[in-house]
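Visitor: Input file: final.tsv. Contents: TSV, C-alpha atoms.
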```tsv
chain	number	residue	atom	x	y	z
V	19	MET	CA	17.99	38.57	-34.76
V	20	MET	CA	17.05	37.95	-31.12
V	21	LYS	CA	14.04	35.69	-30.58
V	22	TYR	CA	11.69	35.48	-27.59
V	23	LEU	CA	9.74	32.43	-26.28
V	24	MET	CA	6.33	32.74	-24.64
V	25	PRO	CA	6.34	31.63	-20.94
V	26	SER	CA	3.93	28.87	-19.78
V	27	SER	CA	4.02	25.56	-17.89
V	28	PHE	CA	5.33	23.84	-20.98
V	29	GLN	CA	6.84	26.16	-23.59
V	30	ARG	CA	6.84	25.52	-27.30
V	31	GLY	CA	9.88	26.53	-29.36
V	32	GLN	CA	7.66	27.61	-32.22
V	33	ASP	CA	5.97	30.28	-30.04
V	34	LEU	CA	8.47	32.93	-31.15
V	35	LEU	CA	7.78	36.66	-31.06
V	36	PRO	CA	9.25	39.44	-33.18
V	37	PRO	CA	12.32	41.13	-31.69
V	38	GLY	CA	11.73	43.09	-28.52
V	39	PRO	CA	13.19	46.42	-27.44
V	40	GLY	CA	16.59	44.95	-26.72
V	41	SER	CA	16.92	43.31	-30.15
V	42	TYR	CA	19.45	44.14	-32.82
V	43	THR	CA	19.80	44.08	-36.60
V	44	VAL	CA	22.73	43.05	-38.74
V	45	GLY	CA	23.50	44.57	-42.12
V	46	THR	CA	26.15	46.09	-44.43
V	47	MET	CA	26.82	49.79	-44.01
V	48	SER	CA	26.35	51.89	-47.19
V	49	GLU	CA	26.79	55.29	-45.55
V	50	ARG	CA	29.59	56.91	-43.63
V	51	PHE	CA	29.45	55.67	-39.99
V	52	ASP	CA	32.08	54.71	-37.45
V	53	CYS	CA	31.86	51.91	-34.84
V	54	TYR	CA	30.46	53.33	-31.63
V	55	TYR	CA	33.11	51.51	-29.57
V	56	CYS	CA	36.36	51.27	-31.57
V	57	ARG	CA	35.64	54.16	-34.01
V	58	ASP	CA	36.68	52.08	-37.02
V	59	PRO	CA	34.85	53.10	-40.21
V	60	LEU	CA	31.89	50.82	-41.03
V	61	GLN	CA	31.22	51.85	-44.64
V	62	GLY	CA	31.12	48.73	-46.81
V	63	LYS	CA	31.49	46.49	-43.78
V	64	LYS	CA	29.11	44.25	-41.86
V	65	TYR	CA	27.79	45.96	-38.77
V	66	VAL	CA	25.28	45.55	-35.92
V	67	GLN	CA	22.73	48.13	-34.86
V	68	LYS	CA	21.49	47.84	-31.28
V	69	GLU	CA	19.57	50.44	-29.29
V	70	GLY	CA	20.33	53.06	-31.96
V	71	ARG	CA	24.08	52.46	-31.92
V	72	HIS	CA	26.17	51.08	-34.76
V	73	CYS	CA	29.09	48.82	-33.98
V	74	CYS	CA	31.36	46.44	-35.83
V	75	VAL	CA	30.84	42.68	-35.49
V	76	LYS	CA	34.03	42.32	-33.47
V	77	CYS	CA	32.94	44.87	-30.86
V	78	PHE	CA	29.43	43.43	-30.75
V	79	ASP	CA	30.73	39.93	-30.00
V	80	LYS	CA	33.13	41.29	-27.36
V	81	ILE	CA	30.96	43.93	-25.67
V	82	CYS	CA	27.28	43.57	-26.51
V	83	ALA	CA	26.58	39.89	-27.19
V	84	ASN	CA	24.58	37.87	-24.68
V	85	THR	CA	26.21	34.83	-23.06
V	86	CYS	CA	24.75	31.40	-23.73
V	87	ILE	CA	23.56	29.93	-20.42
V	88	GLU	CA	24.52	26.44	-21.58
V	89	CYS	CA	28.01	26.75	-23.10
V	90	LYS	CA	28.92	30.05	-21.36
V	91	LYS	CA	30.21	31.52	-24.65
V	92	PRO	CA	29.04	34.77	-26.33
V	93	ILE	CA	26.21	34.49	-28.83
V	94	GLY	CA	27.79	36.29	-31.75
V	95	ALA	CA	26.09	38.35	-34.41
V	96	ASP	CA	26.32	35.47	-36.88
V	97	SER	CA	24.70	33.00	-34.46
V	98	LYS	CA	21.02	32.23	-33.94
V	99	GLU	CA	19.90	33.17	-30.47
V	100	LEU	CA	16.99	31.88	-28.36
V	101	HIS	CA	15.71	33.89	-25.41
V	102	PHE	CA	13.43	32.88	-22.53
V	103	LYS	CA	12.93	34.61	-19.16
V	104	ASN	CA	16.17	36.64	-19.39
V	105	ARG	CA	18.14	33.55	-20.32
V	106	TYR	CA	19.90	33.09	-23.66
V	107	TRP	CA	21.04	30.10	-25.70
V	108	HIS	CA	22.69	29.37	-29.01
V	109	ASP	CA	20.09	27.50	-31.04
V	110	THR	CA	22.52	24.56	-31.15
V	111	CYS	CA	22.77	24.61	-27.34
V	112	PHE	CA	19.03	24.64	-26.79
V	113	ARG	CA	18.56	20.90	-26.21
V	114	CYS	CA	17.20	18.54	-23.58
V	115	PHE	CA	19.48	18.22	-20.56
V	116	LYS	CA	18.61	14.53	-20.28
V	117	CYS	CA	18.43	13.10	-23.80
V	118	TYR	CA	20.21	15.93	-25.71
V	119	THR	CA	17.42	16.21	-28.27
V	120	SER	CA	17.19	19.64	-29.91
V	121	LEU	CA	14.26	21.61	-28.49
V	122	VAL	CA	14.07	24.27	-31.20
V	123	ASN	CA	10.38	24.31	-32.22
V	124	GLU	CA	9.64	21.60	-29.62
V	125	PRO	CA	7.84	21.63	-26.22
V	126	PHE	CA	10.19	22.09	-23.28
V	127	MET	CA	10.33	22.73	-19.53
V	128	LEU	CA	12.84	24.96	-17.74
V	129	ARG	CA	13.84	23.15	-14.55
V	130	GLU	CA	16.35	23.59	-11.75
V	131	ASN	CA	19.83	24.95	-12.55
V	132	ASN	CA	18.43	26.58	-15.72
V	133	LYS	CA	18.32	23.24	-17.52
V	134	VAL	CA	15.75	22.65	-20.25
V	135	TRP	CA	14.00	19.29	-20.54
V	136	CYS	CA	11.87	17.79	-23.29
V	137	SER	CA	8.31	16.74	-22.46
V	138	ASN	CA	9.13	13.02	-22.54
V	139	CYS	CA	12.05	13.28	-20.12
V	140	THR	CA	10.05	15.58	-17.82
V	141	ALA	CA	7.20	13.05	-17.65
V	142	THR	CA	9.65	10.23	-16.91
V	143	GLU	CA	11.56	12.20	-14.25
V	144	ASP	CA	8.40	13.28	-12.43
V	145	ALA	CA	6.77	9.84	-12.58
V	146	PRO	CA	6.53	7.76	-9.37
V	147	ARG	CA	9.22	5.12	-8.91
V	148	CYS	CA	8.47	1.41	-8.73
V	149	LYS	CA	9.22	-0.03	-5.28
V	150	GLY	CA	10.51	-3.18	-6.95
V	151	CYS	CA	12.76	-2.11	-9.85
V	152	PHE	CA	13.04	1.61	-8.93
V	153	LYS	CA	12.27	2.60	-12.52
V	154	PRO	CA	9.61	5.22	-13.32
V	155	ILE	CA	6.00	4.19	-13.75
V	156	ILE	CA	4.77	6.20	-16.68
V	157	ALA	CA	1.27	6.77	-17.97
V	158	GLY	CA	-0.22	3.58	-19.37
V	159	ASP	CA	1.85	1.22	-17.22
V	160	GLN	CA	-0.18	-1.28	-15.19
V	161	ASN	CA	0.66	-0.81	-11.54
V	162	VAL	CA	-0.23	-1.88	-8.00
V	163	GLU	CA	-0.60	0.63	-5.15
V	164	TYR	CA	-0.50	-0.17	-1.43
V	165	LYS	CA	-0.09	2.31	1.44
V	166	LYS	CA	1.34	5.11	-0.74
V	167	MET	CA	3.77	2.70	-2.41
V	168	VAL	CA	3.56	1.70	-6.04
V	169	TRP	CA	4.92	-1.14	-8.16
V	170	HIS	CA	4.81	-2.16	-11.79
V	171	LYS	CA	2.27	-4.97	-11.92
V	172	ASP	CA	4.98	-7.50	-12.86
V	173	CYS	CA	7.30	-6.22	-10.10
V	174	PHE	CA	4.80	-6.91	-7.31
V	175	THR	CA	5.89	-10.45	-6.42
V	176	CYS	CA	5.63	-12.85	-3.48
V	177	SER	CA	8.57	-12.58	-1.08
V	178	GLN	CA	8.61	-16.37	-0.72
V	179	CYS	CA	8.01	-17.96	-4.14
V	180	LYS	CA	8.84	-14.84	-6.23
V	181	GLN	CA	5.77	-15.39	-8.39
V	182	VAL	CA	3.94	-12.30	-9.65
V	183	ILE	CA	1.05	-11.34	-7.36
V	184	GLY	CA	-0.09	-8.53	-9.65
V	185	SER	CA	-3.66	-7.58	-8.79
V	186	GLY	CA	-4.30	-10.85	-6.89
V	187	SER	CA	-4.83	-11.32	-3.14
V	188	PHE	CA	-1.83	-10.98	-0.84
V	189	PHE	CA	-0.84	-10.74	2.82
V	190	PRO	CA	1.58	-8.02	4.06
V	191	LYS	CA	4.13	-8.94	6.74
V	192	GLY	CA	6.38	-6.00	7.63
V	193	ASP	CA	8.19	-5.06	4.43
V	194	ASP	CA	7.34	-8.39	2.76
V	195	PHE	CA	4.30	-9.52	0.80
V	196	TYR	CA	3.07	-13.09	0.40
V	197	CYS	CA	0.68	-14.77	-1.98
V	198	VAL	CA	-2.19	-16.70	-0.42
V	199	SER	CA	-0.52	-20.09	-0.82
V	200	CYS	CA	2.84	-19.07	0.70
V	201	HIS	CA	1.15	-17.21	3.54
V	202	GLU	CA	-0.87	-20.31	4.42
V	203	HIS	CA	2.19	-22.53	4.57
V	204	LYS	CA	4.44	-20.03	6.34
V	205	PHE	CA	2.18	-18.21	8.80
V	206	ALA	CA	-1.36	-19.62	9.01
V	207	LYS	CA	-2.36	-21.73	12.04
V	208	THR	CA	-3.22	-25.38	11.41
V	209	CYS	CA	-6.65	-26.73	12.32
V	210	ALA	CA	-6.52	-29.24	15.19
V	211	LYS	CA	-8.93	-31.54	13.33
V	212	CYS	CA	-8.23	-31.44	9.58
V	213	LYS	CA	-4.60	-30.21	9.88
V	214	ASN	CA	-5.13	-27.70	7.05
V	215	PRO	CA	-4.21	-23.98	7.35
V	216	ILE	CA	-6.79	-21.56	8.76
V	217	THR	CA	-6.75	-18.64	6.35
V	218	SER	CA	-9.65	-16.67	7.84
V	219	GLY	CA	-12.03	-16.82	10.79
V	220	GLY	CA	-11.69	-19.93	12.89
V	221	LEU	CA	-11.89	-20.33	16.66
V	222	THR	CA	-9.80	-21.51	19.58
V	223	TYR	CA	-10.64	-24.19	22.16
V	224	GLN	CA	-8.18	-25.13	24.89
V	225	GLU	CA	-5.46	-23.15	23.10
V	226	GLN	CA	-5.92	-25.11	19.88
V	227	PRO	CA	-7.11	-23.51	16.61
V	228	TRP	CA	-10.04	-24.92	14.64
V	229	HIS	CA	-11.86	-24.12	11.44
V	230	SER	CA	-15.41	-23.12	12.34
V	231	GLU	CA	-16.68	-25.86	10.03
V	232	CYS	CA	-14.50	-28.45	11.78
V	233	PHE	CA	-15.64	-27.65	15.33
V	234	ILE	CA	-18.97	-29.50	15.19
V	235	CYS	CA	-21.25	-31.74	17.22
V	236	SER	CA	-20.14	-35.37	16.92
V	237	ASN	CA	-23.74	-36.50	16.60
V	238	CYS	CA	-25.76	-33.96	14.54
V	239	LYS	CA	-22.75	-32.27	12.85
V	240	LYS	CA	-23.96	-28.74	13.59
V	241	GLN	CA	-21.27	-26.08	14.09
V	242	LEU	CA	-20.65	-25.28	17.75
V	243	GLY	CA	-18.92	-21.91	17.44
V	244	GLY	CA	-20.55	-19.42	19.81
V	245	LYS	CA	-22.88	-22.09	21.25
V	246	ARG	CA	-22.96	-24.15	24.46
V	247	PHE	CA	-21.51	-27.61	24.15
V	248	THR	CA	-20.08	-30.44	26.23
V	249	ALA	CA	-16.77	-32.17	25.61
V	250	VAL	CA	-16.63	-35.89	26.35
V	251	GLU	CA	-13.10	-37.19	25.90
V	252	ASP	CA	-12.25	-36.11	22.31
V	253	GLN	CA	-15.86	-35.62	21.18
V	254	PHE	CA	-18.02	-32.51	21.30
V	255	TYR	CA	-21.79	-32.44	21.65
V	256	CYS	CA	-24.39	-29.73	21.40
V	257	VAL	CA	-26.79	-29.41	24.35
V	258	GLU	CA	-29.60	-31.40	22.72
V	259	CYS	CA	-27.41	-34.26	21.50
V	260	TYR	CA	-25.65	-34.46	24.84
V	261	LYS	CA	-29.00	-34.80	26.60
V	262	GLU	CA	-30.25	-37.48	24.23
V	263	CYS	CA	-27.13	-39.51	23.59
V	264	VAL	CA	-24.56	-39.02	26.33
V	265	ALA	CA	-25.86	-37.51	29.56
V	266	LYS	CA	-26.65	-39.75	32.51
V	267	LYS	CA	-30.27	-39.86	33.63
V	268	CYS	CA	-31.10	-38.56	37.08
V	269	ALA	CA	-32.16	-41.42	39.38
V	270	GLY	CA	-34.70	-39.05	40.91
V	271	CYS	CA	-36.48	-37.22	38.07
V	272	LYS	CA	-35.26	-39.47	35.21
V	273	ASN	CA	-34.25	-36.39	33.16
V	274	PRO	CA	-30.75	-35.94	31.68
V	275	ILE	CA	-28.07	-34.41	33.87
V	276	THR	CA	-26.52	-31.89	31.49
V	277	GLY	CA	-24.56	-29.61	33.77
V	278	PHE	CA	-26.39	-26.59	32.25
V	279	GLY	CA	-28.77	-24.25	34.01
V	280	ARG	CA	-30.31	-25.35	37.30
V	281	GLY	CA	-28.63	-28.25	39.01
V	282	THR	CA	-25.15	-27.91	37.66
V	283	SER	CA	-23.91	-29.94	40.65
V	284	VAL	CA	-24.23	-33.70	40.42
V	285	VAL	CA	-24.41	-36.27	43.19
V	286	ASN	CA	-23.00	-39.71	42.39
V	287	TYR	CA	-23.56	-42.74	44.57
V	288	GLU	CA	-22.58	-46.22	43.53
V	289	ASP	CA	-23.76	-46.56	39.89
V	290	GLU	CA	-26.42	-43.87	40.00
V	291	SER	CA	-26.45	-40.08	39.62
V	292	TRP	CA	-28.81	-37.31	40.71
V	293	HIS	CA	-29.27	-33.62	40.13
V	294	ASP	CA	-28.23	-32.02	43.39
V	295	TYR	CA	-31.80	-30.77	43.86
V	296	CYS	CA	-33.19	-34.28	43.24
V	297	PHE	CA	-30.99	-35.96	45.81
V	298	LYS	CA	-33.34	-35.85	48.82
V	299	CYS	CA	-34.82	-38.01	51.54
V	300	THR	CA	-37.45	-40.45	50.26
V	301	LYS	CA	-39.60	-39.84	53.35
V	302	CYS	CA	-39.26	-36.19	54.37
V	303	ALA	CA	-37.99	-34.80	51.02
V	304	ARG	CA	-35.23	-32.87	52.69
V	305	GLY	CA	-32.33	-32.09	50.32
V	306	LEU	CA	-29.30	-34.25	51.07
V	307	ALA	CA	-26.64	-32.85	48.76
V	308	ASN	CA	-23.43	-32.47	50.80
V	309	LYS	CA	-25.18	-33.97	53.85
V	310	ARG	CA	-25.17	-37.31	55.66
V	311	PHE	CA	-27.66	-39.83	54.28
V	312	VAL	CA	-28.63	-43.50	54.61
V	313	CYS	CA	-29.37	-45.97	51.83
V	314	HIS	CA	-32.00	-48.50	52.90
V	315	ASN	CA	-33.48	-51.07	50.52
V	316	GLY	CA	-32.19	-49.06	47.54
V	317	LYS	CA	-33.76	-45.80	48.74
V	318	ILE	CA	-32.14	-42.66	50.10
V	319	TYR	CA	-33.06	-41.32	53.52
V	320	CYS	CA	-31.79	-38.62	55.81
V	321	ALA	CA	-30.06	-39.77	58.98
V	322	GLU	CA	-33.27	-39.39	61.09
V	323	CYS	CA	-36.02	-40.93	58.92
V	324	PRO	CA	-34.86	-44.59	59.01
V	325	LYS	CA	-35.41	-44.56	62.76
V	326	ARG	CA	-39.07	-43.86	62.16
V	327	LEU	CA	-39.62	-46.67	59.65
```
Could you write out this file's structure as structure tokens?

Guide:
Amino acid sequence: MMKYLMPSSFQRGQDLLPPGPGSYTVGTMSERFDCYYCRDPLQGKKYVQKEGRHCCVKCFDKICANTCIECKKPIGADSKELHFKNRYWHDTCFRCFKCYTSLVNEPFMLRENNKVWCSNCTATEDAPRCKGCFKPIIAGDQNVEYKKMVWHKDCFTCSQCKQVIGSGSFFPKGDDFYCVSCHEHKFAKTCAKCKNPITSGGLTYQEQPWHSECFICSNCKKQLGGKRFTAVEDQFYCVECYKECVAKKCAGCKNPITGFGRGTSVVNYEDESWHDYCFKCTKCARGLANKRFVCHNGKIYCAECPKRL
């Protein structure tokens, strides 16, 4: 007897309906009837009745039987037939295309080329593929995703040391991925002071990289990043420490000459220094920076004032 399966996203083999209009019945003829096709008498013989016509088993198999979509052979009157969406199978042919498990009374999916798949094989086939091992990542597997790519957790490894990165921190470089340690040794800049890798932040002075915590005032140890400072040989000083500890004192006003703000120009004469605005004539107070001057008895004069002394 022909069987029908209910259509849905996943079909269940047990969802069978009674025979439809195109079904047939098989029995043994007790009355006087001839085969509709070959006209042989059917009395006392096995026959098939389909659409109101009686025919012998031989004619049914040759003329009326549906063809199995899997094995391409007729589904004879003595065979069990399964039917779904105008497609027919022997019950023995109705099995998973991938794993060959029988799907009679089991969930299945009809896929391309009229192939039926079991639910397990369908889930595996449709699952995303691991970028590392290229095997499917199925529900329940721990995985790592990055920019629409996915790996099994144990397949996401460092390109350098091959250790599993898993859900840990990493650095992408093109198609490669590096753990923190390998990235530091292979790519990170080295601090000019402590010689250790700079993994984040940092600053640059005279084309050399520094950790922010290494670029500090030599006196008070405060960080100098983003602040004004003065470099003296290989030492760095903040403005306050430079004033107090390093800067020369102006011979005129006795204040430090820092090079910041007003009076960035400095006048040096013999062993003394002046702010440019402090270097002026002792008598007339005229500014003498970049002008002729006279030193008389340790004092600075313009070229005219000594004549009036």

Visitor: Rank nothing, just name the residue among V:Glu290, V:Ile183, V:Cys302, V:Glu124 nearest to Gly316 (chain V), using all atoms listed in the file.

Guide: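 Once distances to Gly316 (chain V) are computed over all atoms listed in the file, the minimum belongs to V:Glu290.
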
Visitor: Do you have the CA of Val264 (chain V)-CA of Gly220 (chain V) distance handy?

Guide: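 Distance between the two atoms: 26.7 Å.
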
Visitor: In Å, how far is it from CA of His229 (chain V) to CA of Glu251 (chain V)?

Guide: 19.5 Å

Visitor: Please report, as CSV, each residue of region 112-171 of chain V lying at most 12 Å from region 76-93 of chain V, together with the nearest pair of atoms and the separation in Å rounded to one decimal; use all atoms listed in the file, and order rows by chain and ascending residue number.

Guide:
```
residue,atom,partner,partner_atom,distance
V:Phe112,CA,V:Glu88,CA,7.8
V:Arg113,CA,V:Glu88,CA,9.4
V:Cys114,CA,V:Glu88,CA,11.0
V:Phe115,CA,V:Glu88,CA,9.7
V:Asn131,CA,V:Ile87,CA,10.0
V:Asn132,CA,V:Ile87,CA,7.7
V:Lys133,CA,V:Glu88,CA,8.1
V:Val134,CA,V:Glu88,CA,9.6
```

Visitor: Of the candidates V:Gln61, V:Asn286, V:Asn308, V:Thr119, which one gets nearest to Asn138 (chain V) if we count all atoms listed in the file?

Guide: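 Distance minimum relative to Asn138 (chain V) lands on V:Thr119.
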
Visitor: Just how far from CA of Ser137 (chain V) is CA of Lys165 (chain V), in Å to one decimal?

Guide: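 Computing it gives 29.2 Å between the two atoms.
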
Visitor: Measuring between all atoms listed in the file, which one of V:Gln67, V:Ile155, V:Ser236, V:Leu306 shows the shortest distance to Asp294 (chain V)?

Guide: V:Leu306

Visitor: Find the residues around Phe152 (chain V) up to 10 Å (all atoms listed in the file counted), leave out those fewer than 2 positions away in its own chain, and share them as a CSV table (one decimal) with C-alpha atoms, in the coordinates of the input.

Guide:
```
chain,number,residue,atom,x,y,z
V,146,PRO,CA,6.5,7.8,-9.4
V,147,ARG,CA,9.2,5.1,-8.9
V,148,CYS,CA,8.5,1.4,-8.7
V,149,LYS,CA,9.2,0.0,-5.3
V,150,GLY,CA,10.5,-3.2,-7.0
V,154,PRO,CA,9.6,5.2,-13.3
V,155,ILE,CA,6.0,4.2,-13.8
V,168,VAL,CA,3.6,1.7,-6.0
V,169,TRP,CA,4.9,-1.1,-8.2
V,170,HIS,CA,4.8,-2.2,-11.8
V,173,CYS,CA,7.3,-6.2,-10.1
```

Visitor: I'd like the neighbourhood of Pro190 (chain V) as a list of chain:residue names, where a residue qualifies if any of its atoms comes within 10 Å (using only C-alpha atoms), though same-chain residues fewer than 2 positions away should be ignored.

Guide: V:Tyr164, V:Cys176, V:Ser177, V:Phe188, V:Gly192, V:Asp193, V:Asp194, V:Phe195, V:Tyr196, V:Cys197, V:His201

Visitor: Residues near Val285 (chain V), anyone? I mean within 8 Å using all atoms listed in the file, not counting same-chain ones fewer than 5 positions away, as a PyMOL selection string.

Guide: chain V and resi 291-294+297+307

Visitor: I'd like the neighbourhood of Val182 (chain V) as a PyMOL selection string, where a residue qualifies if any of its atoms comes within 6 Å (using all atoms listed in the file), though same-chain residues fewer than 4 positions away should be ignored.

Guide: chain V and resi 172+174-175

Visitor: With a distance cut-off of 8 Å and all atoms listed in the file, select the neighbouring residues of Ala321 (chain V), excluding the residue or stretch itself and same-chain residues fewer than 2 positions from it, and output the selection as a list in words.

Guide: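 Result of the neighbour search: Arg310, Phe311, Val312, Tyr319, Cys323 and Pro324 of chain V.
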
Visitor: Box along x, y and z, 8 Å on every side, all listed atoms of region 109-119 of chain V inside: centre and edge lengths in Å to one decimal, as JSON.

Guide:
```
{"center_x": 20.0, "center_y": 20.3, "center_z": -25.7, "size_x": 21.6, "size_y": 30.4, "size_z": 26.9}
```

Visitor: Go through V:Ile275, V:Ile216, V:Ala269, V:Cys299 and flag the residue nearest Tyr287 (chain V), using all atoms listed in the file for the distances.

Guide: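 When distances to Tyr287 (chain V) are compared using all atoms listed in the file, the smallest one comes from V:Ala269.
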
Visitor: Calculated over only C-alpha atoms, which of the candidates V:Ser283, V:Asn315, V:Ser120, V:Asn161 has the smallest distance to Ser185 (chain V)?

Guide: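 Among V:Ser283, V:Asn315, V:Ser120, V:Asn161, it is V:Asn161 that comes nearest to Ser185 (chain V).
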
Visitor: List every protein, DNA or RNA residue with an atom no more than 8 Å from (-16.5, -26.3, 17.2) in the file's coordinates, counting all atoms listed in the file, and format the result as a count of residues only.

Guide: 14
